[in-house]
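Listing of final17.cif; format and content: mmCIF, C-alpha atoms.
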```cif
data_my_file
loop_
_atom_site.label_atom_id
_atom_site.label_comp_id
_atom_site.auth_asym_id
_atom_site.auth_seq_id
_atom_site.Cartn_x
_atom_site.Cartn_y
_atom_site.Cartn_z
CA MET A 1 -75.44 61.25 -19.87
CA VAL A 2 -76.48 60.13 -23.36
CA THR A 3 -80.23 60.64 -23.55
CA ALA A 4 -82.82 59.04 -25.83
CA ALA A 5 -83.03 62.35 -27.69
CA SER A 6 -79.28 62.44 -28.28
CA GLN A 7 -79.32 58.83 -29.49
CA SER A 8 -82.11 59.69 -31.91
CA LYS A 9 -80.14 62.65 -33.24
CA GLN A 10 -77.05 60.46 -33.61
CA ARG A 11 -79.01 58.06 -35.74
CA ARG A 12 -80.19 60.91 -37.95
CA LEU A 13 -76.67 62.30 -38.32
CA SER A 14 -75.12 58.92 -39.06
CA ARG A 15 -75.34 57.93 -42.72
CA ARG A 16 -73.52 54.73 -43.39
CA PRO A 17 -73.83 53.41 -46.93
CA PHE A 18 -74.90 49.90 -45.91
CA PRO A 19 -77.44 48.47 -43.45
CA GLU A 20 -76.32 47.12 -40.09
CA GLU A 21 -76.79 43.54 -41.30
CA GLU A 22 -74.09 44.06 -43.94
CA TYR A 23 -71.57 45.30 -41.38
CA ASP A 24 -72.46 42.44 -39.03
CA ALA A 25 -71.81 39.94 -41.82
CA ARG A 26 -68.45 41.55 -42.64
CA LEU A 27 -67.34 41.44 -39.02
CA LYS A 28 -68.38 37.80 -38.83
CA ARG A 29 -66.30 36.90 -41.89
CA VAL A 30 -63.26 38.75 -40.56
CA ARG A 31 -63.59 36.98 -37.20
CA GLN A 32 -63.86 33.64 -38.97
CA ALA A 33 -60.60 34.42 -40.79
CA MET A 34 -59.04 35.39 -37.44
CA ALA A 35 -60.15 32.13 -35.84
CA GLU A 36 -58.68 30.14 -38.74
CA ARG A 37 -55.32 31.75 -37.95
CA SER A 38 -55.74 31.30 -34.17
CA LEU A 39 -55.82 35.05 -33.56
CA ASP A 40 -57.56 36.48 -30.50
CA GLY A 41 -57.60 40.00 -31.86
CA MET A 42 -56.75 42.06 -34.92
CA LEU A 43 -55.17 45.53 -35.05
CA ILE A 44 -56.34 47.27 -38.24
CA SER A 45 -54.78 50.52 -39.49
CA SER A 46 -55.71 50.52 -43.20
CA PRO A 47 -58.41 53.18 -43.81
CA GLU A 48 -59.98 50.90 -46.44
CA ASN A 49 -60.31 48.05 -43.95
CA ILE A 50 -61.59 50.33 -41.20
CA TYR A 51 -64.16 51.72 -43.64
CA TYR A 52 -65.15 48.18 -44.66
CA LEU A 53 -65.89 47.21 -41.07
CA THR A 54 -67.30 50.47 -39.67
CA GLY A 55 -68.31 52.77 -42.55
CA LEU A 56 -65.92 55.49 -41.34
CA ASN A 57 -65.39 57.81 -44.32
CA TYR A 58 -63.26 60.86 -43.54
CA LEU A 59 -59.80 62.31 -44.14
CA GLY A 60 -58.53 62.07 -40.57
CA TYR A 61 -56.64 58.86 -41.35
CA PHE A 62 -53.55 60.92 -42.23
CA ALA A 63 -52.92 60.82 -38.47
CA TYR A 64 -52.67 57.57 -36.53
CA GLN A 65 -55.87 55.59 -36.14
CA LEU A 66 -56.41 51.93 -35.28
CA LEU A 67 -59.39 49.59 -35.06
CA VAL A 68 -59.04 46.89 -32.40
CA VAL A 69 -61.19 43.88 -33.30
CA PRO A 70 -61.40 41.15 -30.65
CA LEU A 71 -62.61 37.67 -31.54
CA THR A 72 -65.61 38.39 -29.34
CA GLY A 73 -66.95 41.63 -27.92
CA ALA A 74 -67.19 45.15 -29.29
CA PRO A 75 -64.42 46.58 -31.50
CA ALA A 76 -62.72 49.80 -30.40
CA LEU A 77 -61.57 52.65 -32.61
CA VAL A 78 -58.53 54.71 -31.57
CA THR A 79 -58.23 58.21 -33.07
CA ARG A 80 -57.13 61.74 -32.17
CA ALA A 81 -59.41 63.35 -29.61
CA MET A 82 -60.32 66.13 -32.03
CA GLU A 83 -62.09 63.56 -34.26
CA HIS A 84 -64.70 62.73 -31.62
CA ALA A 85 -67.55 64.60 -33.33
CA THR A 86 -66.88 62.85 -36.64
CA ILE A 87 -66.81 59.43 -34.98
CA ARG A 88 -69.91 60.25 -32.93
CA ASP A 89 -71.88 61.22 -36.03
CA LYS A 90 -70.56 58.74 -38.59
CA VAL A 91 -70.08 55.54 -36.57
CA PRO A 92 -72.06 56.06 -33.36
CA GLY A 93 -72.01 52.39 -32.36
CA VAL A 94 -68.23 52.08 -32.09
CA ARG A 95 -66.34 52.22 -28.78
CA HIS A 96 -64.19 55.31 -29.27
CA VAL A 97 -60.81 55.63 -27.53
CA THR A 98 -59.06 58.97 -28.01
CA TYR A 99 -55.57 60.38 -27.56
CA SER A 100 -54.29 63.93 -27.26
CA ASP A 101 -51.53 65.20 -29.53
CA GLY A 102 -50.29 68.42 -28.07
CA VAL A 103 -52.84 69.66 -25.50
CA ALA A 104 -53.95 68.31 -22.19
CA PRO A 105 -56.47 65.46 -22.52
CA LEU A 106 -60.07 66.56 -22.85
CA PRO A 107 -62.24 66.35 -19.71
CA GLU A 108 -63.74 62.90 -19.27
CA ASN A 109 -67.29 64.02 -20.05
CA ALA A 110 -66.42 66.49 -22.81
CA GLY A 111 -68.81 66.32 -25.69
CA GLU A 112 -71.26 63.83 -24.18
CA ASP A 113 -74.22 66.18 -24.56
CA GLU A 114 -73.13 67.72 -27.86
CA ALA A 115 -75.23 65.44 -30.04
CA SER A 116 -78.46 66.73 -28.50
CA ALA A 117 -77.42 70.37 -28.04
CA PRO A 118 -78.20 73.01 -30.72
CA LEU A 119 -75.32 73.92 -33.00
CA LEU A 120 -76.02 77.66 -32.79
CA ASP A 121 -76.17 79.83 -29.72
CA GLY A 122 -78.82 82.48 -29.09
CA GLU A 123 -76.86 85.08 -31.06
CA GLY A 124 -76.63 82.98 -34.22
CA GLY A 125 -73.05 81.87 -33.72
CA LEU A 126 -71.66 78.41 -33.16
CA ARG A 127 -71.85 77.36 -29.53
CA PRO A 128 -68.57 76.21 -27.93
CA TRP A 129 -67.83 72.51 -28.08
CA SER A 130 -65.06 70.34 -26.70
CA THR A 131 -62.57 71.17 -29.46
CA SER A 132 -62.75 74.76 -28.23
CA LEU A 133 -60.83 73.63 -25.14
CA GLY A 134 -57.61 73.77 -27.10
CA VAL A 135 -56.04 73.43 -30.51
CA PRO A 136 -53.71 70.45 -31.01
CA THR A 137 -50.18 71.59 -31.73
CA ARG A 138 -47.14 69.75 -33.00
CA PRO A 139 -44.86 68.89 -30.08
CA ALA A 140 -41.20 69.85 -29.98
CA GLU A 141 -38.87 67.59 -31.96
CA THR A 142 -37.52 66.14 -28.73
CA SER A 143 -40.98 65.24 -27.45
CA THR A 144 -42.09 61.60 -27.49
CA SER A 145 -45.81 62.38 -27.20
CA ILE A 146 -46.20 62.09 -30.96
CA TYR A 147 -46.09 58.32 -30.56
CA GLU A 148 -46.43 57.73 -26.81
CA ASN A 149 -49.96 59.17 -26.54
CA PRO A 150 -51.38 57.14 -29.45
CA ALA A 151 -49.62 54.01 -28.21
CA ARG A 152 -50.94 54.51 -24.67
CA ALA A 153 -54.50 54.87 -25.95
CA THR A 154 -54.09 51.75 -28.09
CA ILE A 155 -52.73 49.74 -25.19
CA GLU A 156 -55.71 50.89 -23.11
CA ALA A 157 -58.12 49.72 -25.81
CA ILE A 158 -56.36 46.36 -26.05
CA GLU A 159 -56.35 45.90 -22.27
CA ASP A 160 -60.03 46.87 -22.01
CA ALA A 161 -60.79 44.17 -24.58
CA GLY A 162 -58.92 41.61 -22.45
CA LEU A 163 -56.30 41.07 -25.15
CA ASP A 164 -53.12 42.15 -23.34
CA SER A 165 -51.90 38.54 -23.06
CA SER A 166 -53.31 37.32 -26.38
CA ARG A 167 -52.25 36.52 -29.94
CA LEU A 168 -52.80 39.65 -32.02
CA GLY A 169 -52.69 40.08 -35.78
CA ILE A 170 -51.22 43.34 -37.10
CA GLU A 171 -51.18 44.93 -40.55
CA SER A 172 -47.41 45.07 -40.42
CA SER A 173 -46.86 46.35 -43.96
CA SER A 174 -49.47 49.10 -43.71
CA SER A 175 -48.05 52.49 -44.65
CA LEU A 176 -50.30 54.05 -41.99
CA PHE A 177 -48.97 52.10 -39.01
CA PRO A 178 -45.99 54.22 -37.89
CA TYR A 179 -42.95 52.34 -36.68
CA GLY A 180 -42.53 54.43 -33.53
CA ILE A 181 -46.12 53.83 -32.42
CA GLY A 182 -45.96 50.14 -33.27
CA GLN A 183 -42.74 49.74 -31.33
CA ALA A 184 -44.26 51.46 -28.28
CA ILE A 185 -47.35 49.21 -28.44
CA VAL A 186 -45.24 46.05 -28.60
CA SER A 187 -43.05 47.24 -25.73
CA GLY A 188 -46.11 48.14 -23.65
CA LEU A 189 -47.69 44.70 -24.02
CA PRO A 190 -44.88 42.26 -23.10
CA LYS A 191 -47.27 39.32 -22.66
CA ALA A 192 -48.97 39.71 -26.03
CA ARG A 193 -47.82 37.90 -29.18
CA PHE A 194 -47.93 39.79 -32.45
CA GLU A 195 -48.40 38.05 -35.79
CA HIS A 196 -48.14 39.42 -39.33
CA ALA A 197 -51.67 39.54 -40.79
CA THR A 198 -51.54 42.38 -43.31
CA ASN A 199 -53.85 40.76 -45.85
CA LEU A 200 -56.40 39.20 -43.53
CA VAL A 201 -59.13 41.82 -43.91
CA THR A 202 -58.05 42.75 -47.44
CA ASP A 203 -58.57 39.15 -48.58
CA VAL A 204 -62.01 39.02 -46.96
CA ARG A 205 -63.20 42.11 -48.84
CA LEU A 206 -61.94 40.96 -52.25
CA VAL A 207 -65.38 39.51 -52.96
CA GLN A 208 -67.90 42.34 -53.21
CA SER A 209 -71.46 41.80 -52.04
CA PRO A 210 -74.43 42.68 -54.28
CA SER A 211 -74.82 45.89 -52.25
CA GLU A 212 -71.19 46.85 -52.85
CA LEU A 213 -71.48 46.14 -56.56
CA VAL A 214 -74.30 48.70 -56.78
CA PHE A 215 -71.76 51.41 -55.87
CA THR A 216 -69.08 49.91 -58.13
CA ARG A 217 -71.47 50.04 -61.09
CA ARG A 218 -72.32 53.65 -60.30
CA ALA A 219 -68.60 54.44 -60.11
CA ALA A 220 -68.13 52.81 -63.54
CA SER A 221 -70.80 55.06 -65.01
CA VAL A 222 -69.01 58.11 -63.58
CA THR A 223 -65.72 56.84 -65.02
CA ASP A 224 -67.21 56.58 -68.51
CA SER A 225 -68.38 60.19 -68.33
CA MET A 226 -64.96 61.33 -67.10
CA ILE A 227 -63.23 59.54 -69.99
CA LEU A 228 -65.60 61.09 -72.52
CA ALA A 229 -65.07 64.54 -71.01
CA GLY A 230 -61.29 64.16 -71.21
CA VAL A 231 -61.47 63.02 -74.83
CA ALA A 232 -63.82 65.85 -75.80
CA ALA A 233 -61.58 68.48 -74.18
CA ALA A 234 -58.39 67.29 -75.90
CA GLY A 235 -56.92 68.73 -79.10
CA PRO A 236 -53.82 70.44 -80.53
CA GLY A 237 -52.94 73.53 -78.52
CA VAL A 238 -55.22 72.64 -75.58
CA PRO A 239 -53.54 73.00 -72.16
CA GLN A 240 -53.31 69.68 -70.34
CA ALA A 241 -54.80 71.47 -67.32
CA ASP A 242 -57.97 72.18 -69.33
CA VAL A 243 -58.35 68.45 -70.03
CA MET A 244 -57.98 67.74 -66.32
CA ALA A 245 -60.46 70.50 -65.44
CA ALA A 246 -63.07 68.98 -67.76
CA ILE A 247 -62.57 65.58 -66.13
CA TYR A 248 -62.95 66.95 -62.60
CA GLN A 249 -66.01 69.01 -63.46
CA THR A 250 -67.71 65.98 -64.96
CA MET A 251 -66.70 63.78 -62.05
CA PHE A 252 -68.49 66.01 -59.54
CA HIS A 253 -71.48 66.81 -61.77
CA ARG A 254 -72.09 63.09 -62.08
CA ARG A 255 -72.17 62.89 -58.27
CA GLY A 256 -68.84 61.16 -57.90
CA THR A 257 -66.55 62.06 -55.05
CA TYR A 258 -62.79 62.49 -54.83
CA PRO A 259 -61.08 59.27 -55.99
CA GLY A 260 -58.27 57.45 -54.25
CA PHE A 261 -55.89 58.35 -57.07
CA VAL A 262 -55.74 61.55 -59.09
CA PRO A 263 -56.79 61.07 -62.75
CA LEU A 264 -53.72 60.37 -64.88
CA VAL A 265 -53.46 62.77 -67.82
CA ARG A 266 -50.13 62.93 -69.59
CA ALA A 267 -48.81 63.33 -73.12
CA THR A 268 -45.97 61.94 -75.24
CA ARG A 269 -43.04 63.49 -73.37
CA THR A 270 -44.07 61.96 -70.03
CA LEU A 271 -45.92 58.91 -71.33
CA GLU A 272 -43.57 56.54 -69.50
CA HIS A 273 -44.12 58.24 -66.14
CA GLU A 274 -46.50 55.49 -65.07
CA HIS A 275 -47.83 57.35 -62.04
CA GLY A 276 -47.39 60.91 -63.23
CA SER A 277 -50.12 63.28 -64.33
CA TRP A 278 -50.66 66.57 -66.17
CA GLU A 279 -48.10 69.31 -66.75
CA ASP A 280 -48.56 73.03 -67.35
CA VAL A 281 -48.06 72.66 -71.11
CA ARG A 282 -50.26 72.48 -74.19
CA LEU A 283 -50.92 69.42 -76.30
CA GLY A 284 -48.94 69.34 -79.53
CA LYS A 285 -50.11 68.94 -83.11
CA LYS A 286 -49.12 65.26 -83.01
CA ASP A 287 -49.31 64.11 -79.41
CA ILE A 288 -50.26 60.86 -77.74
CA LEU A 289 -52.50 61.65 -74.77
CA PHE A 290 -52.78 59.01 -72.03
CA LEU A 291 -55.98 59.02 -69.96
CA GLU A 292 -56.50 56.74 -66.95
CA MET A 293 -58.96 57.53 -64.18
CA SER A 294 -61.69 56.27 -61.90
CA GLY A 295 -65.02 57.48 -60.70
CA CYS A 296 -65.63 57.01 -57.01
CA VAL A 297 -68.97 56.44 -55.26
CA GLU A 298 -69.03 55.74 -51.52
CA ARG A 299 -65.28 54.98 -51.79
CA TYR A 300 -65.82 52.27 -54.45
CA HIS A 301 -63.80 52.62 -57.67
CA ALA A 302 -64.01 51.42 -61.28
CA PRO A 303 -60.95 52.59 -63.28
CA ALA A 304 -60.60 52.77 -67.06
CA GLY A 305 -58.03 54.12 -69.49
CA ARG A 306 -57.70 55.15 -73.14
CA LEU A 307 -55.23 56.74 -75.58
CA VAL A 308 -56.10 59.84 -77.63
CA PHE A 309 -54.12 61.09 -80.64
CA THR A 310 -54.06 64.79 -81.46
CA GLY A 311 -53.95 65.90 -85.06
CA ALA A 312 -53.56 62.42 -86.56
CA ALA A 313 -52.98 58.82 -85.52
CA PRO A 314 -50.24 56.63 -87.05
CA LYS A 315 -51.50 53.69 -89.10
CA ARG A 316 -49.74 51.33 -86.69
CA ALA A 317 -51.93 52.63 -83.85
CA TYR A 318 -54.94 51.01 -85.52
CA ASP A 319 -53.05 47.69 -85.69
CA MET A 320 -52.12 47.87 -82.01
CA GLU A 321 -55.68 48.85 -81.03
CA ARG A 322 -56.89 45.57 -82.53
CA VAL A 323 -54.23 43.60 -80.64
CA CYS A 324 -55.00 45.43 -77.39
CA GLU A 325 -58.71 44.76 -77.68
CA GLU A 326 -58.26 41.13 -78.67
CA ALA A 327 -55.87 40.59 -75.74
CA ILE A 328 -58.11 42.23 -73.15
CA GLU A 329 -61.11 40.26 -74.44
CA ALA A 330 -59.09 37.03 -74.25
CA ALA A 331 -58.24 37.79 -70.63
CA LYS A 332 -61.85 38.72 -69.87
CA GLY A 333 -63.08 35.55 -71.56
CA LYS A 334 -60.84 33.46 -69.31
CA MET A 335 -62.14 35.03 -66.10
CA LYS A 336 -64.64 32.91 -64.19
CA PRO A 337 -64.86 31.38 -60.71
CA GLY A 338 -62.16 28.80 -60.03
CA VAL A 339 -59.68 30.09 -62.62
CA ALA A 340 -56.18 31.00 -61.45
CA ALA A 341 -54.89 34.53 -62.00
CA GLU A 342 -51.88 33.19 -63.92
CA ASP A 343 -54.21 31.66 -66.51
CA VAL A 344 -55.85 35.04 -67.12
CA TYR A 345 -52.43 36.60 -67.70
CA SER A 346 -51.47 33.74 -70.03
CA ALA A 347 -54.58 34.38 -72.13
CA TRP A 348 -53.57 38.05 -72.48
CA GLN A 349 -49.93 37.25 -73.22
CA GLY A 350 -50.89 34.60 -75.77
CA VAL A 351 -52.61 37.17 -77.97
CA VAL A 352 -49.62 39.50 -77.69
CA ASP A 353 -47.23 36.69 -78.66
CA ARG A 354 -49.35 35.68 -81.65
CA ALA A 355 -49.22 39.29 -82.84
CA GLY A 356 -45.45 38.91 -83.17
CA LEU A 357 -44.55 40.68 -79.91
CA HIS A 358 -42.85 37.68 -78.29
CA GLY A 359 -40.42 39.76 -76.25
CA TYR A 360 -43.07 42.11 -74.86
CA ARG A 361 -44.03 41.47 -71.22
CA ARG A 362 -45.95 43.35 -68.52
CA HIS A 363 -45.84 42.77 -64.77
CA HIS A 364 -49.61 42.11 -64.84
CA CYS A 365 -52.66 42.54 -67.05
CA GLY A 366 -54.89 43.87 -64.28
CA TYR A 367 -55.38 44.12 -60.53
CA ALA A 368 -58.13 44.02 -57.91
CA VAL A 369 -59.99 47.25 -57.12
CA GLY A 370 -62.77 48.29 -54.78
CA ILE A 371 -62.60 50.47 -51.67
CA GLY A 372 -59.89 53.11 -51.89
CA PHE A 373 -58.71 56.22 -50.04
CA PRO A 374 -56.00 58.59 -51.25
CA PRO A 375 -53.35 57.86 -52.32
CA SER A 376 -54.64 54.66 -53.97
CA TRP A 377 -57.73 53.23 -55.66
CA SER A 378 -56.38 49.69 -55.23
CA GLY A 379 -56.62 49.67 -51.43
CA GLY A 380 -53.07 50.66 -50.47
CA GLY A 381 -49.76 48.88 -51.05
CA VAL A 382 -48.77 46.90 -54.16
CA PRO A 383 -51.91 45.97 -56.13
CA LEU A 384 -53.06 42.35 -56.11
CA GLY A 385 -52.40 41.62 -59.76
CA LEU A 386 -53.34 39.15 -62.48
CA ARG A 387 -49.73 38.06 -62.87
CA ALA A 388 -47.71 35.24 -64.34
CA GLY A 389 -47.22 32.61 -61.65
CA SER A 390 -50.09 33.82 -59.43
CA LYS A 391 -52.25 30.98 -58.09
CA MET A 392 -54.93 33.37 -56.78
CA GLU A 393 -58.31 31.76 -57.44
CA LEU A 394 -60.97 33.98 -58.94
CA LYS A 395 -64.36 34.10 -57.23
CA ALA A 396 -67.71 35.60 -58.19
CA GLY A 397 -67.87 39.18 -56.91
CA MET A 398 -64.19 39.99 -57.43
CA VAL A 399 -63.64 43.26 -59.32
CA PHE A 400 -60.55 43.93 -61.44
CA HIS A 401 -59.07 46.79 -63.43
CA LEU A 402 -58.22 44.80 -66.57
CA MET A 403 -55.47 46.36 -68.70
CA SER A 404 -54.05 45.97 -72.20
CA TRP A 405 -50.91 48.06 -72.48
CA LEU A 406 -48.77 48.01 -75.65
CA LEU A 407 -46.33 50.93 -75.67
CA ARG A 408 -42.87 51.09 -77.24
CA THR A 409 -43.41 47.78 -79.02
CA GLY A 410 -41.61 48.96 -82.14
CA LYS A 411 -44.74 48.01 -84.11
CA GLY A 412 -47.16 50.59 -82.78
CA ASP A 413 -48.61 51.95 -79.55
CA TYR A 414 -51.98 51.63 -77.85
CA PHE A 415 -53.51 51.32 -74.41
CA LEU A 416 -56.94 50.58 -73.03
CA SER A 417 -58.28 49.35 -69.71
CA ASP A 418 -61.66 48.64 -68.17
CA THR A 419 -63.19 47.50 -64.91
CA VAL A 420 -64.74 44.04 -64.93
CA VAL A 421 -66.50 41.90 -62.33
CA VAL A 422 -66.28 38.12 -62.08
CA THR A 423 -69.76 36.58 -62.08
CA SER A 424 -71.07 33.06 -61.59
CA ALA A 425 -71.45 32.87 -65.38
CA GLY A 426 -68.05 34.33 -66.29
CA CYS A 427 -67.07 38.00 -66.43
CA GLU A 428 -68.91 41.28 -67.07
CA ARG A 429 -67.42 44.53 -68.32
CA LEU A 430 -68.56 47.55 -66.26
CA THR A 431 -66.87 50.54 -67.94
CA MET A 432 -68.16 51.01 -71.47
CA ALA A 433 -66.35 54.00 -73.01
CA GLN A 434 -65.43 53.69 -76.68
CA ARG A 435 -62.28 51.63 -77.27
CA SER A 436 -61.46 52.48 -80.89
CA VAL A 437 -58.72 54.88 -81.99
CA VAL A 438 -59.74 58.52 -81.37
CA VAL A 439 -58.16 61.52 -83.05
CA ARG A 440 -58.79 65.03 -81.68
#
```
Go ahead and render the structure in this file as structure tokens.
Amino acid sequence: MVTAASQSKQRRLSRRPFPEEEYDARLKRVRQAMAERSLDGMLISSPENIYYLTGLNYLGYFAYQLLVVPLTGAPALVTRAMEHATIRDKVPGVRHVTYSDGVAPLPENAGEDEASAPLLDGEGGLRPWSTSLGVPTRPAETSTSIYENPARATIEAIEDAGLDSSRLGIESSSSLFPYGIGQAIVSGLPKARFEHATNLVTDVRLVQSPSELVFTRRAASVTDSMILAGVAAAGPGVPQADVMAAIYQTMFHRRGTYPGFVPLVRATRTLEHEHGSWEDVRLGKKDILFLEMSGCVERYHAPAGRLVFTGAAPKRAYDMERVCEEAIEAAKGKMKPGVAAEDVYSAWQGVVDRAGLHGYRRHHCGYAVGIGFPPSWSGGGVPLGLRAGSKMELKAGMVFHLMSWLLRTGKGDYFLSDTVVVTSAGCERLTMAQRSVVVR
């Protein structure tokens, strides 16, 4: 039985970054979006979207988890049984449905009194808890429990919510919704209808609340310090790993946490490896060092990027720096509520064209950022970009990683990027690290 004392301890252990009213408002907006699409329920597997709705911040999402959100009634969270203590302490109000992945299911009442029991026994050691009943093991290759057990638990959660004959939205392009489990869920609910709704929650959380922007601004401050640390550590003969070490040390000293994407630190030889990072080599006497990274506070991100030249910078770099900055400022100046994303890109491209780089094109000049878990700070999947042809309408509270990237132009090379937020009055830059050419 869950006692008043155990409930009190659960409240003390739980530390969600936002008040209950914020989560209630988020759930209401998601349900409104569901109703507009005639959905009775939503099956959410993205860790960013689960965090948005519940505050669940952990690394257990590498294994299957799913949040079942009915149009009315309490949501249910499906996870591995071994995560029960984390769910109990971090999101105590959620209805938790568990599955076993290699051991017999835990006893029905396992763990119910753990919240109120002391952690240590009389001898100073940890007292046994439900996980002590067995260690999950990987089943044999021929076993089907790897997807049958999670699917069965999910079906149970859906049936308990009265949704087994309903219209359900699924995040069908989520990289964390395994095909085998999804297939078993669909097969196990023959009366349900499944609809593609990958972007439903993602679209709702594009506009950050004032409370969210507090964390985004803190993340931007951490980013600035990380950039400055990387610049200060760079120089001819310096190992790339030392630059990365300086960035990580600063990130944690500034009270940031692990970001959704590893800081990108690479030099001339691998400059075109757009999602590569440092190598076990030293910077040369004339190297171009690419730095792109993001601080992270309560899973909110604010990326920025810069180029650093070791030894000396070519004269043409100064010319391209001016073009880069003019282009990013033109894009920023275009950003305000009601403007289409394609118009922001056109403003950026117009500056590039006027600089004589008519054949130079990028796939976007920025993308939306916010909540992120590894391996992405843009929320998983292909980023929602400021692209040519995009009719996405900007709204106050949207946050973007705005980029000005001019490499291999034949007339010089430079790169800079910053995080900006759309406001009712226009657009505000959040990351403030120096933009001018730096030589180390």
Practice problem: Check what the PyMOL selection byres ((chain A and resi 329) around 12) selects in the file above and give those residues as a PyMOL selection string. | Solution: chain A and resi 322-328+330-335+344-345+347-352+365+402-404+416-418+420+427-429+435
Practice problem: Excluding Thr154 in chain A and residues on its chain fewer than 2 positions from it, collect all residues at most 8 Å away from it, counting all atoms listed in the file, and give them as number ranges by chain. | Solution: A: 66, 78, 97, 150-152, 156-158, 185
Output C-alpha atoms for every residue in that selection, as a PDB file, keeping the file's coordinate frame.
```
ATOM      1  CA  LEU A  66     -56.410  51.930 -35.280  1.00  0.00           C
ATOM      2  CA  VAL A  78     -58.530  54.710 -31.570  1.00  0.00           C
ATOM      3  CA  VAL A  97     -60.810  55.630 -27.530  1.00  0.00           C
ATOM      4  CA  PRO A 150     -51.380  57.140 -29.450  1.00  0.00           C
ATOM      5  CA  ALA A 151     -49.620  54.010 -28.210  1.00  0.00           C
ATOM      6  CA  ARG A 152     -50.940  54.510 -24.670  1.00  0.00           C
ATOM      7  CA  GLU A 156     -55.710  50.890 -23.110  1.00  0.00           C
ATOM      8  CA  ALA A 157     -58.120  49.720 -25.810  1.00  0.00           C
ATOM      9  CA  ILE A 158     -56.360  46.360 -26.050  1.00  0.00           C
ATOM     10  CA  ILE A 185     -47.350  49.210 -28.440  1.00  0.00           C
TER      11      ILE A 185
END
```
Could you expand the PyMOL selection byres ((chain A and resi 308) around 10) into the explicit residues it covers here, written as a PDB file with C-alpha atoms, in the coordinates of the input?
```pdb
ATOM      1  CA  GLY A 230     -61.290  64.160 -71.210  1.00  0.00           C
ATOM      2  CA  VAL A 231     -61.470  63.020 -74.830  1.00  0.00           C
ATOM      3  CA  ALA A 232     -63.820  65.850 -75.800  1.00  0.00           C
ATOM      4  CA  ALA A 234     -58.390  67.290 -75.900  1.00  0.00           C
ATOM      5  CA  GLY A 235     -56.920  68.730 -79.100  1.00  0.00           C
ATOM      6  CA  ALA A 267     -48.810  63.330 -73.120  1.00  0.00           C
ATOM      7  CA  ASP A 287     -49.310  64.110 -79.410  1.00  0.00           C
ATOM      8  CA  ILE A 288     -50.260  60.860 -77.740  1.00  0.00           C
ATOM      9  CA  LEU A 289     -52.500  61.650 -74.770  1.00  0.00           C
ATOM     10  CA  PHE A 290     -52.780  59.010 -72.030  1.00  0.00           C
ATOM     11  CA  LEU A 291     -55.980  59.020 -69.960  1.00  0.00           C
ATOM     12  CA  ARG A 306     -57.700  55.150 -73.140  1.00  0.00           C
ATOM     13  CA  LEU A 307     -55.230  56.740 -75.580  1.00  0.00           C
ATOM     14  CA  PHE A 309     -54.120  61.090 -80.640  1.00  0.00           C
ATOM     15  CA  THR A 310     -54.060  64.790 -81.460  1.00  0.00           C
ATOM     16  CA  GLY A 311     -53.950  65.900 -85.060  1.00  0.00           C
ATOM     17  CA  ALA A 312     -53.560  62.420 -86.560  1.00  0.00           C
ATOM     18  CA  ALA A 313     -52.980  58.820 -85.520  1.00  0.00           C
ATOM     19  CA  TYR A 414     -51.980  51.630 -77.850  1.00  0.00           C
ATOM     20  CA  PHE A 415     -53.510  51.320 -74.410  1.00  0.00           C
ATOM     21  CA  SER A 436     -61.460  52.480 -80.890  1.00  0.00           C
ATOM     22  CA  VAL A 437     -58.720  54.880 -81.990  1.00  0.00           C
ATOM     23  CA  VAL A 438     -59.740  58.520 -81.370  1.00  0.00           C
ATOM     24  CA  VAL A 439     -58.160  61.520 -83.050  1.00  0.00           C
ATOM     25  CA  ARG A 440     -58.790  65.030 -81.680  1.00  0.00           C
TER      26      ARG A 440
END
```
With 4 Å on each side, where is the centre of the axis-aligned box around all listed atoms of range 174-184 of chain A, and how long are its edges in Å to one decimal, as AutoDock Vina command-line options?
```
--center_x -46.4 --center_y 51.8 --center_z -36.5 --size_x 15.8 --size_y 13.3 --size_z 24.4
```
Quiz prompt | 6 Å contact set for range 159-173 of chain A, all atoms listed in the file, chain neighbours under 4 positions out, as an MDAnalysis selection string | solution = chainID A and resid 39:43 191:198
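Using only C-alpha atoms, the protein and nucleic acid residues lying no more than 7 Å from Val339 in chain A, apart from those fewer than 4 places from it along its own chain, are Met335, Asp343, Glu393 and Leu394 of chain A.
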Practice problem: Step by step, work through what the PyMOL selection byres ((chain A and resi 243) around 8) selects in the shown file, and finish by giving those residues as a list in words. | Solution: Ala229, Gly230, Val231, Ala233, Ala234, Val238, Pro239, Gln240, Ala241, Asp242, Met244, Ala245, Ala246, Ile247 and Val265 of chain A
